[in-house]
Amino acid sequence: MPFTITLIVSVVLIAGGFLVPPLGVIDGSVITSVGLLLMFAVLAQVPSVLNAINDGKRIKFQKGDITFEASSEQ
């Protein structure tokens, strides 16, 4: 519930930032707030990833030449 509330408030504040003067100017604070909003989405996924690792599943992230693997096996 707190995540949903903060998500809604964040979206309303970002949208409100476009309605106050100066209109249509993308300020650095808007870019920062969008970055924070995206961070909330990433943090919402952390518990499911940790649960998958604890259940013995293997997680693999790959981006270009970089690969990250995590598992509970030792």
# chains A, B, ... in the order shown; residues from 1 in each chain; ligands from 1
$ select_by_dssp --residues "chain A" --states "strand (DSSP E)" --output "PDB file with all heavy atoms, in the first residue's frame"
ATOM      1  N   ILE A  59      19.563 -16.580 -11.199  1.00  0.00           N
ATOM      2  CA  ILE A  59      19.180 -15.336 -11.848  1.00  0.00           C
ATOM      3  C   ILE A  59      20.359 -14.868 -12.697  1.00  0.00           C
ATOM      4  O   ILE A  59      21.492 -14.850 -12.235  1.00  0.00           O
ATOM      5  CB  ILE A  59      18.834 -14.244 -10.811  1.00  0.00           C
ATOM      6  CG1 ILE A  59      17.797 -14.724  -9.815  1.00  0.00           C
ATOM      7  CG2 ILE A  59      18.400 -12.967 -11.493  1.00  0.00           C
ATOM      8  CD1 ILE A  59      16.435 -14.943 -10.387  1.00  0.00           C
ATOM      9  N   LYS A  60      20.099 -14.485 -13.943  1.00  0.00           N
ATOM     10  CA  LYS A  60      21.158 -14.015 -14.819  1.00  0.00           C
ATOM     11  C   LYS A  60      20.724 -12.719 -15.491  1.00  0.00           C
ATOM     12  O   LYS A  60      19.665 -12.650 -16.107  1.00  0.00           O
ATOM     13  CB  LYS A  60      21.480 -15.061 -15.881  1.00  0.00           C
ATOM     14  CG  LYS A  60      22.587 -14.646 -16.817  1.00  0.00           C
ATOM     15  CD  LYS A  60      22.896 -15.756 -17.821  1.00  0.00           C
ATOM     16  CE  LYS A  60      24.003 -15.351 -18.760  1.00  0.00           C
ATOM     17  NZ  LYS A  60      24.294 -16.394 -19.745  1.00  0.00           N
ATOM     18  N   PHE A  61      21.547 -11.678 -15.328  1.00  0.00           N
ATOM     19  CA  PHE A  61      21.324 -10.394 -15.976  1.00  0.00           C
ATOM     20  C   PHE A  61      22.427 -10.200 -17.006  1.00  0.00           C
ATOM     21  O   PHE A  61      23.587 -10.404 -16.700  1.00  0.00           O
ATOM     22  CB  PHE A  61      21.375  -9.249 -14.955  1.00  0.00           C
ATOM     23  CG  PHE A  61      20.332  -9.342 -13.887  1.00  0.00           C
ATOM     24  CD1 PHE A  61      20.631  -9.841 -12.638  1.00  0.00           C
ATOM     25  CD2 PHE A  61      19.038  -8.922 -14.135  1.00  0.00           C
ATOM     26  CE1 PHE A  61      19.678  -9.934 -11.648  1.00  0.00           C
ATOM     27  CE2 PHE A  61      18.077  -9.013 -13.143  1.00  0.00           C
ATOM     28  CZ  PHE A  61      18.391  -9.515 -11.901  1.00  0.00           C
ATOM     29  N   GLN A  62      22.056  -9.786 -18.207  1.00  0.00           N
ATOM     30  CA  GLN A  62      23.066  -9.575 -19.238  1.00  0.00           C
ATOM     31  C   GLN A  62      22.754  -8.297 -19.993  1.00  0.00           C
ATOM     32  O   GLN A  62      21.625  -8.069 -20.427  1.00  0.00           O
ATOM     33  CB  GLN A  62      23.097 -10.748 -20.202  1.00  0.00           C
ATOM     34  CG  GLN A  62      24.188 -10.639 -21.228  1.00  0.00           C
ATOM     35  CD  GLN A  62      24.316 -11.908 -22.049  1.00  0.00           C
ATOM     36  OE1 GLN A  62      23.646 -12.900 -21.792  1.00  0.00           O
ATOM     37  NE2 GLN A  62      25.167 -11.876 -23.043  1.00  0.00           N
ATOM     38  N   LYS A  63      23.763  -7.459 -20.127  1.00  0.00           N
ATOM     39  CA  LYS A  63      23.648  -6.214 -20.891  1.00  0.00           C
ATOM     40  C   LYS A  63      24.939  -6.039 -21.668  1.00  0.00           C
ATOM     41  O   LYS A  63      25.984  -5.763 -21.093  1.00  0.00           O
ATOM     42  CB  LYS A  63      23.409  -5.038 -19.954  1.00  0.00           C
ATOM     43  CG  LYS A  63      23.428  -3.690 -20.613  1.00  0.00           C
ATOM     44  CD  LYS A  63      22.244  -3.482 -21.494  1.00  0.00           C
ATOM     45  CE  LYS A  63      22.271  -2.061 -22.039  1.00  0.00           C
ATOM     46  NZ  LYS A  63      21.383  -1.865 -23.100  1.00  0.00           N
ATOM     47  N   ILE A  66      28.477  -7.284 -20.356  1.00  0.00           N
ATOM     48  CA  ILE A  66      28.439  -7.465 -18.901  1.00  0.00           C
ATOM     49  C   ILE A  66      27.392  -8.519 -18.552  1.00  0.00           C
ATOM     50  O   ILE A  66      26.249  -8.455 -18.992  1.00  0.00           O
ATOM     51  CB  ILE A  66      28.107  -6.140 -18.195  1.00  0.00           C
ATOM     52  CG1 ILE A  66      29.181  -5.096 -18.517  1.00  0.00           C
ATOM     53  CG2 ILE A  66      27.981  -6.336 -16.702  1.00  0.00           C
ATOM     54  CD1 ILE A  66      28.843  -3.711 -18.052  1.00  0.00           C
ATOM     55  N   THR A  67      27.793  -9.490 -17.733  1.00  0.00           N
ATOM     56  CA  THR A  67      26.883 -10.540 -17.265  1.00  0.00           C
ATOM     57  C   THR A  67      26.988 -10.642 -15.751  1.00  0.00           C
ATOM     58  O   THR A  67      28.078 -10.644 -15.201  1.00  0.00           O
ATOM     59  CB  THR A  67      27.249 -11.901 -17.893  1.00  0.00           C
ATOM     60  OG1 THR A  67      27.196 -11.768 -19.307  1.00  0.00           O
ATOM     61  CG2 THR A  67      26.279 -12.969 -17.446  1.00  0.00           C
ATOM     62  N   PHE A  68      25.837 -10.722 -15.089  1.00  0.00           N
ATOM     63  CA  PHE A  68      25.783 -10.875 -13.640  1.00  0.00           C
ATOM     64  C   PHE A  68      24.896 -12.070 -13.331  1.00  0.00           C
ATOM     65  O   PHE A  68      23.774 -12.128 -13.796  1.00  0.00           O
ATOM     66  CB  PHE A  68      25.226  -9.606 -12.984  1.00  0.00           C
ATOM     67  CG  PHE A  68      25.012  -9.737 -11.510  1.00  0.00           C
ATOM     68  CD1 PHE A  68      26.084  -9.728 -10.639  1.00  0.00           C
ATOM     69  CD2 PHE A  68      23.755  -9.903 -10.996  1.00  0.00           C
ATOM     70  CE1 PHE A  68      25.901  -9.853  -9.286  1.00  0.00           C
ATOM     71  CE2 PHE A  68      23.556 -10.049  -9.635  1.00  0.00           C
ATOM     72  CZ  PHE A  68      24.627 -10.011  -8.780  1.00  0.00           C
ATOM     73  N   GLU A  69      25.415 -13.022 -12.567  1.00  0.00           N
ATOM     74  CA  GLU A  69      24.644 -14.198 -12.188  1.00  0.00           C
ATOM     75  C   GLU A  69      24.572 -14.293 -10.667  1.00  0.00           C
ATOM     76  O   GLU A  69      25.550 -14.007  -9.992  1.00  0.00           O
ATOM     77  CB  GLU A  69      25.286 -15.459 -12.759  1.00  0.00           C
ATOM     78  CG  GLU A  69      25.261 -15.514 -14.264  1.00  0.00           C
ATOM     79  CD  GLU A  69      25.827 -16.803 -14.813  1.00  0.00           C
ATOM     80  OE1 GLU A  69      25.674 -17.848 -14.145  1.00  0.00           O
ATOM     81  OE2 GLU A  69      26.439 -16.761 -15.882  1.00  0.00           O
ATOM     82  N   ALA A  70      23.415 -14.719 -10.179  1.00  0.00           N
ATOM     83  CA  ALA A  70      23.238 -14.893  -8.734  1.00  0.00           C
ATOM     84  C   ALA A  70      22.443 -16.151  -8.494  1.00  0.00           C
ATOM     85  O   ALA A  70      21.497 -16.467  -9.202  1.00  0.00           O
ATOM     86  CB  ALA A  70      22.498 -13.685  -8.142  1.00  0.00           C
TER      87      ALA A  70
END
$ residues_around --residues "stretch 5-12 of chain A" --least-positions-apart "4" --cutoff "7 Å" --atoms "only C-alpha atoms" --output "list in words"
Met1, Gly16 and Leu37 of chain A
$ residues_around --residues "A:Ser33" --least-positions-apart "3" --cutoff "9 Å" --atoms "only C-alpha atoms" --output "PyMOL selection string"
chain A and resi 10+13-14+28-30+36-38
$ write_last_selection --atoms "N, CA and C atoms" --output "short mmCIF file (atom, residue, chain, number, x, y, z; two decimals), in the first residue's frame"
data_model
loop_
_atom_site.label_atom_id
_atom_site.label_comp_id
_atom_site.auth_asym_id
_atom_site.auth_seq_id
_atom_site.Cartn_x
_atom_site.Cartn_y
_atom_site.Cartn_z
N SER A 10 3.92 10.60 -6.69
CA SER A 10 5.03 10.96 -7.57
C SER A 10 4.53 11.34 -8.96
N LEU A 13 2.79 14.73 -8.81
CA LEU A 13 3.74 15.84 -8.67
C LEU A 13 4.49 16.11 -9.97
N ILE A 14 4.87 15.04 -10.66
CA ILE A 14 5.56 15.23 -11.94
C ILE A 14 4.63 15.90 -12.95
N GLY A 28 15.88 20.42 -14.58
CA GLY A 28 16.64 19.32 -14.00
C GLY A 28 15.89 18.61 -12.90
N SER A 29 15.03 19.32 -12.18
CA SER A 29 14.27 18.69 -11.10
C SER A 29 13.25 17.70 -11.66
N VAL A 30 12.73 17.96 -12.86
CA VAL A 30 11.78 17.03 -13.48
C VAL A 30 12.50 15.75 -13.87
N LEU A 36 13.82 9.19 -9.98
CA LEU A 36 13.39 8.63 -8.69
C LEU A 36 12.18 7.72 -8.86
N LEU A 37 11.26 8.12 -9.73
CA LEU A 37 10.08 7.31 -9.99
C LEU A 37 10.47 5.96 -10.59
N LEU A 38 11.42 5.97 -11.52
CA LEU A 38 11.90 4.73 -12.10
C LEU A 38 12.63 3.88 -11.06
#
$ select_by_dssp --residues "stretch 4-74 of chain A" --states "helix (DSSP H, G or I)" --output "PyMOL selection string"
chain A and resi 4-17+28-54
